[in-house]
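Enquirer: mmCIF, C-alpha atoms, saved as start-v7.cif, coming up:
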data_data
#
loop_
_atom_site.label_atom_id
_atom_site.label_comp_id
_atom_site.auth_asym_id
_atom_site.auth_seq_id
_atom_site.Cartn_x
_atom_site.Cartn_y
_atom_site.Cartn_z
CA ALA A 1 0.00 0.00 0.00
CA GLU A 2 2.89 2.40 0.69
CA SER A 3 3.87 2.27 -2.97
CA LEU A 4 0.47 3.78 -3.80
CA THR A 5 0.47 6.51 -1.15
CA SER A 6 4.05 7.76 -0.94
CA GLY A 7 6.19 5.61 -3.17
CA PRO A 8 7.26 5.65 -6.80
CA ILE A 9 3.71 5.60 -8.20
CA THR A 10 2.85 8.78 -6.30
CA GLY A 11 6.13 10.36 -7.39
CA GLN A 12 5.41 9.49 -11.00
CA PHE A 13 1.86 10.91 -10.74
CA GLN A 14 3.22 14.16 -9.25
CA SER A 15 5.82 14.44 -11.99
CA GLU A 16 3.34 13.73 -14.79
CA PHE A 17 0.74 16.10 -13.35
CA ALA A 18 3.33 18.90 -13.05
CA LYS A 19 4.30 18.33 -16.67
CA TYR A 20 0.63 18.20 -17.75
CA VAL A 21 -0.21 21.61 -16.25
CA GLY A 22 3.24 23.10 -16.95
CA SER A 23 4.17 23.61 -13.29
CA LYS A 24 7.64 23.26 -11.84
CA TYR A 25 6.35 21.40 -8.80
CA ALA A 26 3.35 19.24 -7.92
CA PHE A 27 2.64 17.58 -4.59
CA ALA A 28 0.00 14.92 -4.05
CA ALA A 29 -2.36 15.37 -1.13
CA SER A 30 -5.20 13.38 0.35
CA SER A 31 -7.72 15.95 -0.96
CA CYS A 32 -8.06 19.46 -2.33
CA THR A 33 -8.92 20.55 1.22
CA THR A 34 -5.56 19.20 2.40
CA ALA A 35 -3.82 21.00 -0.48
CA LEU A 36 -5.55 24.25 0.55
CA HIS A 37 -4.37 23.71 4.15
CA MET A 38 -0.83 23.16 2.86
CA ALA A 39 -1.03 26.37 0.82
CA THR A 40 -2.20 28.48 3.77
CA GLN A 41 0.60 27.05 5.91
CA LEU A 42 3.20 27.76 3.22
CA ILE A 43 2.27 31.44 3.02
CA GLY A 44 2.25 31.77 6.81
CA LEU A 45 -1.35 32.91 7.06
CA LYS A 46 -2.11 34.13 10.56
CA LYS A 47 -4.80 35.58 12.79
CA GLY A 48 -5.88 39.01 11.61
CA ASP A 49 -4.93 38.46 7.97
CA GLU A 50 -7.70 38.92 5.44
CA VAL A 51 -8.33 36.65 2.48
CA ILE A 52 -10.66 37.41 -0.38
CA VAL A 53 -12.91 34.53 -1.44
CA PRO A 54 -16.03 34.15 -3.56
CA PRO A 55 -19.33 33.33 -1.84
CA ILE A 56 -20.12 30.55 -4.33
CA THR A 57 -17.86 27.64 -3.42
CA PHE A 58 -17.57 24.64 -1.13
CA VAL A 59 -16.69 25.36 2.51
CA ALA A 60 -13.23 23.82 1.99
CA THR A 61 -12.09 26.93 0.11
CA SER A 62 -12.51 29.10 3.20
CA GLN A 63 -11.99 26.65 6.06
CA PRO A 64 -8.15 26.50 5.90
CA ALA A 65 -7.92 30.30 6.13
CA MET A 66 -10.38 30.32 9.02
CA ALA A 67 -8.32 27.64 10.79
CA HIS A 68 -5.45 30.15 10.92
CA GLY A 69 -7.73 32.87 12.30
CA ALA A 70 -7.87 34.81 9.04
CA LYS A 71 -10.90 36.93 8.24
CA LEU A 72 -12.91 36.05 5.14
CA VAL A 73 -13.79 38.91 2.84
CA PHE A 74 -16.33 37.94 0.20
CA ALA A 75 -15.97 39.36 -3.29
CA ASP A 76 -19.05 39.20 -5.46
CA VAL A 77 -19.29 36.97 -8.50
CA ASP A 78 -20.06 37.71 -12.10
CA PRO A 79 -23.66 36.56 -12.71
CA LYS A 80 -22.70 35.18 -16.14
CA THR A 81 -19.76 33.02 -15.05
CA PHE A 82 -20.34 32.61 -11.29
CA ASN A 83 -16.63 33.38 -10.94
CA MET A 84 -15.03 36.00 -8.75
CA ASP A 85 -15.55 39.53 -10.09
CA PRO A 86 -12.10 41.19 -10.35
CA ASP A 87 -13.65 44.67 -9.98
CA ASP A 88 -15.19 43.68 -6.65
CA VAL A 89 -11.94 42.05 -5.55
CA ALA A 90 -10.20 45.40 -6.14
CA ARG A 91 -12.76 47.14 -3.91
CA LYS A 92 -12.18 44.61 -1.09
CA ILE A 93 -8.38 44.88 -0.79
CA THR A 94 -7.17 46.50 2.44
CA LYS A 95 -3.84 46.77 4.26
CA LYS A 96 -4.73 43.50 6.04
CA THR A 97 -5.38 41.54 2.84
CA ARG A 98 -2.86 38.73 2.48
CA ALA A 99 -4.30 36.46 -0.21
CA ILE A 100 -6.91 36.05 -2.92
CA PHE A 101 -8.58 32.65 -3.37
CA PRO A 102 -10.09 32.47 -6.88
CA VAL A 103 -12.35 29.47 -7.45
CA HIS A 104 -12.46 28.25 -11.04
CA TYR A 105 -16.13 27.39 -10.89
CA ALA A 106 -17.31 24.31 -12.81
CA GLY A 107 -14.14 24.25 -14.90
CA HIS A 108 -14.51 27.86 -16.05
CA PRO A 109 -11.36 29.85 -15.22
CA VAL A 110 -11.58 33.14 -13.37
CA ASP A 111 -10.39 36.22 -15.29
CA MET A 112 -6.88 35.92 -13.84
CA ASP A 113 -4.99 38.82 -15.48
CA PRO A 114 -6.56 41.50 -13.27
CA ILE A 115 -6.35 39.21 -10.21
CA MET A 116 -2.62 38.63 -10.76
CA ALA A 117 -2.02 42.35 -11.44
CA MET A 118 -3.71 43.24 -8.13
CA ALA A 119 -1.70 40.58 -6.34
CA LYS A 120 1.54 41.98 -7.73
CA LYS A 121 0.60 45.58 -6.93
CA HIS A 122 -0.41 44.80 -3.33
CA LYS A 123 2.08 41.96 -2.70
CA LEU A 124 -0.65 39.36 -2.25
CA VAL A 125 -0.59 35.61 -2.77
CA VAL A 126 -3.06 33.98 -5.15
CA ILE A 127 -4.18 30.51 -4.08
CA ASP A 128 -6.39 28.97 -6.75
CA ASP A 129 -9.09 26.51 -5.80
CA ALA A 130 -9.19 24.41 -8.94
CA ALA A 131 -11.10 21.49 -7.44
CA HIS A 132 -13.33 21.38 -10.51
CA SER A 133 -10.75 22.48 -13.05
CA PRO A 134 -8.00 19.97 -13.88
CA GLY A 135 -7.35 20.55 -17.57
CA ALA A 136 -8.99 23.98 -17.74
CA GLU A 137 -7.05 26.69 -19.56
CA TYR A 138 -6.79 30.44 -19.23
CA LYS A 139 -5.39 32.27 -22.26
CA GLY A 140 -3.45 29.20 -23.42
CA LYS A 141 -2.08 28.27 -19.98
CA LYS A 142 -3.41 25.43 -17.92
CA ILE A 143 -4.87 26.28 -14.54
CA GLY A 144 -2.08 25.23 -12.20
CA VAL A 145 0.49 27.75 -13.42
CA VAL A 146 -1.39 31.05 -13.40
CA GLY A 147 -1.78 31.59 -9.64
CA HIS A 148 1.02 31.26 -7.10
CA LEU A 149 -0.37 28.06 -5.60
CA THR A 150 -3.10 25.91 -7.13
CA CYS A 151 -5.10 23.21 -5.39
CA PHE A 152 -6.88 20.41 -7.27
CA SER A 153 -9.33 17.69 -6.27
CA PHE A 154 -9.43 14.13 -7.60
CA HIS A 155 -12.54 13.13 -5.64
CA SER A 156 -14.67 10.54 -7.40
CA LEU A 157 -17.28 13.19 -8.29
CA LYS A 158 -14.79 15.51 -10.02
CA ASN A 159 -13.92 15.61 -13.71
CA MET A 160 -10.57 13.88 -13.01
CA SER A 161 -10.52 11.19 -10.35
CA THR A 162 -8.11 8.94 -8.52
CA LEU A 163 -11.06 6.66 -7.79
CA GLY A 164 -11.95 8.02 -4.38
CA GLU A 165 -10.16 10.90 -2.71
CA GLY A 166 -7.04 12.76 -3.72
CA GLY A 167 -5.67 16.20 -4.38
CA MET A 168 -2.67 18.06 -5.74
CA LEU A 169 -0.86 21.30 -4.98
CA THR A 170 1.13 22.99 -7.75
CA THR A 171 3.54 25.92 -7.56
CA ALA A 172 6.52 27.43 -9.34
CA ASN A 173 7.96 28.71 -6.05
CA LYS A 174 11.09 26.75 -5.14
CA LYS A 175 11.11 27.97 -1.51
CA TRP A 176 7.56 26.71 -0.95
CA ALA A 177 8.34 23.47 -2.75
CA GLU A 178 11.29 22.85 -0.44
CA GLU A 179 9.10 23.47 2.64
CA ILE A 180 6.53 20.81 1.76
CA PRO A 181 7.25 17.64 3.74
CA ILE A 182 7.61 14.67 1.46
#
Here is the file; what I need is its structure written in the form of C-alpha cells.
Expert:
Amino acid sequence: AESLTSGPITGQFQSEFAKYVGSKYAFAASSCTTALHMATQLIGLKKGDEVIVPPITFVATSQPAMAHGAKLVFADVDPKTFNMDPDDVARKITKKTRAIFPVHYAGHPVDMDPIMAMAKKHKLVVIDDAAHSPGAEYKGKKIGVVGHLTCFSFHSLKNMSTLGEGGMLTTANKKWAEEIPI
C-alpha cells in the first residue's frame, strides 16, 4: 500500500501532473482541502490576515484560512460566469489583505490577469481553488500555473478522479516546494 500513497507511483503521478499543467512542482495530497491547508501554511497565514474569497464555493475553500484565524472577505461573482468579479476584488483589498482565493467554478477559469495584477501591486498571494478544473485553460495556460499556488481535487465526483479521494498542490515557487514535507 505504501507504494500507492508515498512511493514511486505517487512520485510518477506528481511528476506527470506537473508536466501536464506546466508547473515546476506538484505535490499529491489526500484531498483538495488538504492541499488548501498546505497552501495556507506555506504562506504563513495568521490571525488578523484577510483573504478574499467568492461566496459561491464549497466550505473547503474558506476553512483553511479560518483555521489560521484569518478573516474572510467575500468578493461578489459575475452573474454570467459565477466566478469572482475582479472589480469587486479590487474594492475589497485592504492593508490587512494577504491572499486572494479564486475558485475556477465548474471548470470555467476566473479572469486571472486583473487578479494577478492586483496581487503583484499589493504583494498578495493567489491561491487557486481548482477542485473542478484539472485541464482547464486560461489564455493558453493550464490552470495550475497562473496563480502562485493551485489546489486540485481528484474526488470521485470531479472531472478527473483517482477513484476516491485525492488532491494536488502545484507551484513554481522553489522555496515553498522545499518546505513541503515529502
Enquirer: With only C-alpha atoms as the atoms that count, which of A:Ala131, A:Ile9, A:Val89, A:Met168 lies nearest to Ala35 in chain A?
Expert: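 Of A:Ala131, A:Ile9, A:Val89, A:Met168, the one nearest Ala35 in chain A, counting only C-alpha atoms, is A:Met168.
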Enquirer: Quick one: distance from CA of Arg91 in chain A to CA of Leu45 in chain A in Å, one decimal?
Expert: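 One can read the CA of Arg91 in chain A to CA of Leu45 in chain A distance as 21.3 Å.
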Enquirer: Compile a residue-level contact table for range 82-123 of chain A against range 56-64 of chain A at a cut-off of 9 Å, reporting for every qualifying residue the shortest atom pair and its distance in Å to one decimal, with only C-alpha atoms counted, rows ordered by chain and ascending number, as CSV.
Expert:
residue,atom,partner,partner_atom,distance
A:Phe82,CA,A:Ile56,CA,7.3
A:Asn83,CA,A:Ile56,CA,8.0
A:Met84,CA,A:Ile56,CA,8.7
A:Phe101,CA,A:Thr61,CA,7.6
A:Val103,CA,A:Thr57,CA,7.1
A:Tyr105,CA,A:Thr57,CA,7.7
Enquirer: Run through the PyMOL selection byres ((chain A and resi 102) around 10) on the given coordinates and return the selected residues as an NGL selection string.
Expert: :A and (52-54 or 57 or 61 or 75 or 83-86 or 89 or 99-101 or 103-105 or 109-112 or 115 or 126-130 or 147 or 150)
Enquirer: Go through the shown structure with the PyMOL selection byres ((chain A and resi 72) around 7) and write out the matching residues as a ChimeraX atom specification.
Expert: /A:50-53,70-71,73-74
Enquirer: With only C-alpha atoms counted, which protein, DNA or RNA residues have an atom no more than 12 Å from (8.6, 30.9, -0.3) in the file frame? Please answer as a VMD selection string.
Expert: chain A and resid 39 to 44 125 148 to 149 171 to 180
Enquirer: Write out the residues from the selection above, keeping C-alpha atoms, as a PDB file, in the frame of the given file.
Expert:
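What follows is the written file again09.pdb:
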ATOM      1  CA  ALA A  39      -1.030  26.370   0.820  1.00  0.00           C
ATOM      2  CA  THR A  40      -2.200  28.480   3.770  1.00  0.00           C
ATOM      3  CA  GLN A  41       0.600  27.050   5.910  1.00  0.00           C
ATOM      4  CA  LEU A  42       3.200  27.760   3.220  1.00  0.00           C
ATOM      5  CA  ILE A  43       2.270  31.440   3.020  1.00  0.00           C
ATOM      6  CA  GLY A  44       2.250  31.770   6.810  1.00  0.00           C
ATOM      7  CA  VAL A 125      -0.590  35.610  -2.770  1.00  0.00           C
ATOM      8  CA  HIS A 148       1.020  31.260  -7.100  1.00  0.00           C
ATOM      9  CA  LEU A 149      -0.370  28.060  -5.600  1.00  0.00           C
ATOM     10  CA  THR A 171       3.540  25.920  -7.560  1.00  0.00           C
ATOM     11  CA  ALA A 172       6.520  27.430  -9.340  1.00  0.00           C
ATOM     12  CA  ASN A 173       7.960  28.710  -6.050  1.00  0.00           C
ATOM     13  CA  LYS A 174      11.090  26.750  -5.140  1.00  0.00           C
ATOM     14  CA  LYS A 175      11.110  27.970  -1.510  1.00  0.00           C
ATOM     15  CA  TRP A 176       7.560  26.710  -0.950  1.00  0.00           C
ATOM     16  CA  ALA A 177       8.340  23.470  -2.750  1.00  0.00           C
ATOM     17  CA  GLU A 178      11.290  22.850  -0.440  1.00  0.00           C
ATOM     18  CA  GLU A 179       9.100  23.470   2.640  1.00  0.00           C
ATOM     19  CA  ILE A 180       6.530  20.810   1.760  1.00  0.00           C
TER      20      ILE A 180
END
